[in-house]
Structures are given as structure tokens and as C-alpha cells.
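Novice: my_file.tsv is the file, holding TSV, C-alpha atoms:
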```
chain	number	residue	atom	x	y	z
A	1	MET	CA	0.00	0.00	0.00
A	2	PRO	CA	1.52	3.34	-1.00
A	3	ARG	CA	2.55	5.67	1.77
A	4	GLN	CA	0.28	8.59	2.36
A	5	PRO	CA	1.95	11.99	1.93
A	6	GLN	CA	2.62	13.56	5.30
A	7	SER	CA	1.61	17.10	6.01
A	8	PRO	CA	4.43	19.47	6.90
A	9	THR	CA	5.27	19.52	10.57
A	10	ARG	CA	3.67	22.48	12.23
A	11	PRO	CA	5.57	24.34	14.94
A	12	ALA	CA	4.29	23.71	18.42
A	13	ARG	CA	1.91	26.39	19.58
A	14	ARG	CA	3.29	28.52	22.35
A	15	ARG	CA	1.47	28.38	25.61
A	16	SER	CA	-1.18	31.01	26.03
A	17	TYR	CA	-3.36	32.19	28.86
A	18	ASP	CA	-6.23	32.26	26.35
A	19	GLN	CA	-7.70	35.37	27.93
A	20	PHE	CA	-9.01	38.38	26.00
A	21	CYS	CA	-6.98	40.75	28.15
A	22	ALA	CA	-4.08	43.04	27.21
A	23	THR	CA	-2.05	41.97	30.26
A	24	ALA	CA	-2.54	38.28	29.48
A	25	ARG	CA	-1.63	38.86	25.82
A	26	SER	CA	1.56	40.64	26.89
A	27	LEU	CA	2.50	37.72	29.12
A	28	ASP	CA	1.87	35.35	26.22
A	29	PHE	CA	4.82	37.11	24.53
A	30	VAL	CA	7.18	37.93	27.40
A	31	GLY	CA	6.01	35.88	30.38
A	32	ASP	CA	8.40	32.97	29.84
A	33	ARG	CA	11.46	32.71	32.09
A	34	TRP	CA	14.50	34.56	30.66
A	35	THR	CA	12.60	36.47	27.95
A	36	LEU	CA	12.66	39.87	29.64
A	37	LEU	CA	16.28	39.40	30.68
A	38	ILE	CA	17.15	38.76	27.03
A	39	VAL	CA	15.40	42.05	26.24
A	40	ARG	CA	17.49	43.70	28.97
A	41	GLU	CA	20.65	42.52	27.23
A	42	LEU	CA	19.50	43.54	23.75
A	43	LEU	CA	18.59	47.04	24.91
A	44	ALA	CA	22.37	47.47	24.97
A	45	GLY	CA	22.44	46.88	21.20
A	46	PRO	CA	22.92	43.92	18.85
A	47	ARG	CA	24.51	40.89	20.53
A	48	ARG	CA	25.94	37.60	19.32
A	49	TYR	CA	24.49	34.40	20.76
A	50	THR	CA	27.73	33.71	22.66
A	51	ASP	CA	27.68	37.19	24.21
A	52	LEU	CA	24.08	36.74	25.30
A	53	HIS	CA	24.88	33.39	26.86
A	54	ALA	CA	27.88	34.87	28.71
A	55	ASP	CA	25.81	37.70	30.21
A	56	LEU	CA	22.86	35.51	31.20
A	57	PRO	CA	24.46	33.26	33.84
A	58	GLY	CA	22.29	30.25	34.57
A	59	VAL	CA	20.51	29.94	31.23
A	60	SER	CA	21.10	26.73	29.30
A	61	THR	CA	22.03	26.84	25.63
A	62	ASP	CA	18.81	25.01	24.70
A	63	VAL	CA	16.59	27.41	26.63
A	64	LEU	CA	18.34	30.48	25.23
A	65	ALA	CA	18.02	29.20	21.67
A	66	SER	CA	14.34	28.39	22.25
A	67	ARG	CA	13.57	31.81	23.72
A	68	LEU	CA	15.33	33.62	20.89
A	69	LYS	CA	13.38	31.60	18.34
A	70	ASP	CA	10.10	32.42	20.12
A	71	MET	CA	11.06	36.10	20.25
A	72	GLU	CA	11.82	36.10	16.52
A	73	GLN	CA	8.44	34.54	15.78
A	74	SER	CA	6.74	37.10	18.03
A	75	GLY	CA	8.35	40.03	16.23
A	76	LEU	CA	10.42	41.16	19.22
A	77	VAL	CA	13.83	40.20	17.84
A	78	THR	CA	15.48	39.91	14.44
A	79	ARG	CA	18.66	38.11	13.47
A	80	ARG	CA	21.04	39.40	10.84
A	81	ARG	CA	24.41	38.43	9.46
A	82	LEU	CA	27.28	40.85	9.96
A	83	PRO	CA	29.32	41.66	6.84
A	84	PRO	CA	32.87	40.30	6.46
A	85	PRO	CA	35.28	40.06	8.14
A	86	ALA	CA	32.98	39.53	11.15
A	87	ALA	CA	31.09	36.61	9.56
A	88	ALA	CA	28.82	36.27	12.58
A	89	SER	CA	25.10	36.62	13.29
A	90	VAL	CA	23.69	39.03	15.83
A	91	TYR	CA	20.30	39.38	17.47
A	92	GLU	CA	18.71	42.79	17.88
A	93	LEU	CA	15.42	44.19	19.07
A	94	THR	CA	12.72	45.29	16.67
A	95	GLU	CA	10.80	48.50	17.24
A	96	ARG	CA	8.24	46.44	19.13
A	97	GLY	CA	11.00	44.91	21.22
A	98	HIS	CA	12.38	48.35	22.06
A	99	GLY	CA	8.90	49.24	23.25
A	100	LEU	CA	9.57	47.06	26.30
A	101	LEU	CA	12.06	49.59	27.72
A	102	PRO	CA	9.44	51.28	29.96
A	103	VAL	CA	8.36	47.83	31.17
A	104	LEU	CA	11.94	46.89	32.12
A	105	ALA	CA	12.49	50.30	33.72
A	106	ALA	CA	9.31	49.93	35.81
A	107	LEU	CA	10.32	46.43	36.89
A	108	ALA	CA	13.78	47.71	37.87
A	109	GLU	CA	12.22	50.50	39.92
A	110	TRP	CA	9.76	48.09	41.57
A	111	GLY	CA	12.46	45.54	42.36
A	112	ALA	CA	15.14	48.00	43.54
A	113	PRO	CA	14.12	47.82	47.24
A	114	ALA	CA	14.84	44.08	47.14
A	115	LEU	CA	18.50	44.72	46.26
A	116	THR	CA	19.95	44.89	49.74
A	117	ASP	CA	22.76	42.49	50.56
A	118	ARG	CA	24.30	40.71	47.61
A	119	ARG	CA	23.91	36.93	47.98
A	120	PRO	CA	26.95	34.68	47.49
A	121	THR	CA	25.24	33.08	44.49
A	122	ASP	CA	24.39	36.39	42.79
A	123	ALA	CA	26.15	37.09	39.50
A	124	VAL	CA	26.72	40.74	38.60
A	125	ARG	CA	27.49	42.72	35.45
A	126	ALA	CA	28.13	46.45	35.52
A	127	HIS	CA	25.60	47.24	32.77
A	128	TRP	CA	22.80	45.68	34.83
A	129	PHE	CA	22.82	48.94	36.82
A	130	ALA	CA	21.99	50.99	33.74
A	131	LEU	CA	18.21	50.76	34.08
A	132	PRO	CA	18.11	52.01	37.70
A	133	LEU	CA	20.51	54.82	36.79
A	134	LEU	CA	18.42	55.92	33.79
A	135	ARG	CA	15.68	56.86	36.24
A	136	ALA	CA	18.03	59.29	37.96
A	137	LEU	CA	19.01	60.84	34.62
A	138	ASP	CA	15.42	61.44	33.50
A	139	GLY	CA	15.34	65.03	34.71
A	140	LEU	CA	18.37	66.20	32.73
A	141	THR	CA	17.67	68.78	30.05
A	142	ASN	CA	20.87	68.21	28.04
A	143	PRO	CA	20.99	64.90	26.15
A	144	GLY	CA	24.19	62.97	25.68
A	145	VAL	CA	26.18	59.85	26.45
A	146	VAL	CA	27.22	59.29	30.05
A	147	GLU	CA	30.06	56.86	30.73
A	148	VAL	CA	29.66	55.28	34.16
A	149	ARG	CA	32.47	53.72	36.17
A	150	LEU	CA	31.71	51.33	39.02
A	151	ASP	CA	34.07	49.02	40.89
A	152	GLU	CA	32.30	46.20	39.01
A	153	GLY	CA	33.13	47.66	35.59
A	154	VAL	CA	32.24	50.35	33.08
A	155	PHE	CA	29.08	50.92	31.05
A	156	HIS	CA	27.46	53.86	29.32
A	157	VAL	CA	23.94	55.23	29.08
A	158	ARG	CA	22.24	57.70	26.78
A	159	ALA	CA	20.66	60.51	28.79
A	160	GLY	CA	17.59	61.97	27.14
A	161	GLY	CA	16.61	58.68	25.49
A	162	ALA	CA	17.51	57.19	22.13
A	163	GLU	CA	15.99	57.71	18.72
A	164	GLY	CA	15.37	55.27	15.92
A	165	GLY	CA	15.76	52.15	18.01
A	166	ALA	CA	19.32	53.03	19.05
A	167	ALA	CA	20.74	51.37	22.15
A	168	VAL	CA	19.86	53.20	25.37
A	169	TYR	CA	22.87	51.77	27.19
A	170	GLY	CA	25.85	49.59	26.50
A	171	ASP	CA	28.53	47.52	28.17
A	172	GLY	CA	32.05	48.93	28.38
A	173	PRO	CA	33.38	52.44	27.71
A	174	ALA	CA	31.53	54.72	25.29
A	175	ALA	CA	33.10	55.42	21.89
A	176	HIS	CA	32.30	59.10	22.41
A	177	ALA	CA	31.21	60.13	25.91
A	178	ASP	CA	29.83	63.60	26.65
A	179	VAL	CA	30.57	63.17	30.35
A	180	ARG	CA	32.05	60.55	32.67
A	181	ILE	CA	30.91	59.79	36.19
A	182	ALA	CA	32.33	57.51	38.89
A	183	LEU	CA	30.32	56.15	41.81
A	184	ASP	CA	29.84	52.97	43.80
A	185	VAL	CA	27.04	50.44	43.54
A	186	GLU	CA	25.33	51.55	46.75
A	187	VAL	CA	25.02	55.11	45.45
A	188	CYS	CA	23.78	53.81	42.08
A	189	LEU	CA	21.10	51.72	43.79
A	190	ALA	CA	20.10	54.62	46.06
A	191	LEU	CA	19.66	56.79	42.96
A	192	GLY	CA	17.53	54.10	41.35
A	193	ARG	CA	15.36	53.79	44.44
A	194	GLY	CA	14.87	57.55	44.58
A	195	GLU	CA	16.51	57.76	48.01
A	196	LEU	CA	19.19	60.08	46.64
A	197	THR	CA	19.13	62.72	43.93
A	198	LEU	CA	21.85	62.96	41.34
A	199	ALA	CA	22.43	66.64	42.17
A	200	GLY	CA	22.75	65.81	45.86
A	201	ALA	CA	25.13	62.91	45.20
A	202	VAL	CA	27.35	65.13	43.04
A	203	GLU	CA	27.27	67.94	45.58
A	204	ASP	CA	28.38	65.75	48.48
A	205	GLY	CA	31.09	64.05	46.42
A	206	ARG	CA	29.48	60.62	46.15
A	207	VAL	CA	29.40	60.98	42.36
A	208	GLU	CA	32.52	62.30	40.62
A	209	VAL	CA	31.97	64.11	37.31
A	210	SER	CA	34.60	64.65	34.63
A	211	GLY	CA	34.28	66.25	31.22
A	212	ASP	CA	33.26	69.51	29.58
A	213	GLY	CA	30.19	70.62	27.72
A	214	PRO	CA	26.55	71.32	28.61
A	215	LEU	CA	25.78	67.89	30.07
A	216	ALA	CA	28.84	67.88	32.34
A	217	THR	CA	28.02	71.43	33.46
A	218	GLU	CA	24.44	70.47	34.24
A	219	LEU	CA	25.55	67.43	36.25
A	220	ARG	CA	27.85	69.67	38.29
A	221	GLY	CA	24.90	71.93	39.03
A	222	GLY	CA	26.08	74.73	36.79
```
Please express the file's structure as C-alpha cells.
Specialist:
Amino acid sequence: MPRQPQSPTRPARRRSYDQFCATARSLDFVGDRWTLLIVRELLAGPRRYTDLHADLPGVSTDVLASRLKDMEQSGLVTRRRLPPPAAASVYELTERGHGLLPVLAALAEWGAPALTDRRPTDAVRAHWFALPLLRALDGLTNPGVVEVRLDEGVFHVRAGGAEGGAAVYGDGPAAHADVRIALDVEVCLALGRGELTLAGAVEDGRVEVSGDGPLATELRGG
């Protein structure tokens, strides 16, 4: 008896709350474990798979690959090939993916009071403090790139927001910084929790500012 032609394999349907509710629909897209933390990493700009895996301690390679595939299918992430000589693929957020920035910022603000003593098992990356610090930079009138130095490392943030889907922060030193600041993690967390103002921290010497230009002058209270 001839074999019957088999229909193409259909991808497994992602789990859904099956509720006609905007919150439930949002969680259908980003409610899986690790998804929002992948967004956190990609807000720093395009990343290779190996870089994502390195900065997401605890995620397995299978889970990371699965989440990225789901995020591509959901329109949150795209993958593109870098031109030679890089010869590597990177993942980056779509416009819809970038729309999650306020969600991540609100979660960082809500969770900041829980960051008290660092647990022995806690991993840390300097750029993870970018979201809490962005809250403290919201009131600045002069836009620009702020390079931030902590004992844990260096990252940079874009005060005044980013246009056209550009990265709002990044790991490592900035290619072109308008101002540089140095502070410790406790001050950074206090700024994120709203317990300390940036102007007050600069005035009492808990934040050191270096650089010229309007943004540096504003940070110094000029």
C-alpha cells in the first residue's frame, strides 16, 4: 500500500493564557522565564548568541536558543548576518521589542528595594545597573552619552533617550562620551530607588563628574 503523503510539521503552539486581556496577551509574549532578561541585554544593542549566553548566567544553551526563536516569531527580535570580516550573526530588538524599555524600567524600579545584601550566588554585570541609573538621569535637560564607572566595571547610558531604536545603554566604555561619572554600587542603587538625587550625590562628592560641555556642566549643578 503506498505511503500517504505527510503534512508538513507544524511548529508547536506557544502556551497562552487564552484570555481576552491586554495583560494576558503581553504575558503570552514575554512571560516565559528569561525572555525579559534577554530584552534587557539587547537594549544594549545587537549581541551575538555567545555574548548573550555569557551575560545571562544560569541559562542553558537550549533554553536560550528556544527563547530567541520564540522572540523572533513574536516580532520582538530579528537576526542578521554581519558583513565580512565579522562573519557572525547578531540578534537585535525590533521597534516592538524596544517598546519594552518602559516595562523593564518599571520592573527595575519596583524591584530595587529588594537589592539589599548581595547573595553569594548572585552574578553581577556592571551594565545591569543601567536601568536604575536611567531613572536618575530622566530630569536632565541636556541629552548625551554618560560613561559610568563602578568598581564592578564600566558601562554607558544615553541621557535623554535614544531615537530610531538606538541602544539606550551599553557595556564597556563609550566610543564618544559627553561626560564621565564615577560612583559605587550603593550610590547607584540609592539613585535608582529615589533615596538620593543625582544633584545631591554630586554635591556631596558621592558621584565624581569629569568632562566639559553642557551635560557635564548640568551634572555639576552649573
Novice: Using all atoms listed in the file, which of the listed residues (A:Arg206, A:Ala199, A:Ala106, A:Leu56) sits closest to Leu150 of chain A?
Specialist: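 Under the stated criterion, the closest residue is A:Arg206.
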Novice: Pick from A:Arg180, A:His98, A:Arg193, A:Arg79: nearest to Leu134 of chain A, with only C-alpha atoms counted?
Specialist: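 With only C-alpha atoms as the atom set, the closest residue is A:Arg193.
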Novice: One number please: atom CA of Asp62 of chain A to atom CA of Ala24 of chain A, in Å, one decimal.
Specialist: 25.6 Å
Novice: My list of candidates is A:Ser26, A:Thr217, A:Ser210, A:Thr35. Which is closest to Lys69 of chain A when distances are computed with all atoms listed in the file?
Specialist: A:Thr35
Novice: So how many Å separate atom CA of Gly170 of chain A and atom CA of Leu42 of chain A, to one decimal?
Specialist: 9.2 Å
Novice: As an exercise, work out the distance from atom CA of Ser16 of chain A to atom CA of Pro57 of chain A in Å and give it to one decimal place.
Specialist: 26.9 Å
Novice: Find the residues around Leu64 of chain A up to 8 Å (only C-alpha atoms counted), leave out those fewer than 4 positions away in its own chain, and share them as a PyMOL selection string.
Specialist: chain A and resi 34+53+59-60+68
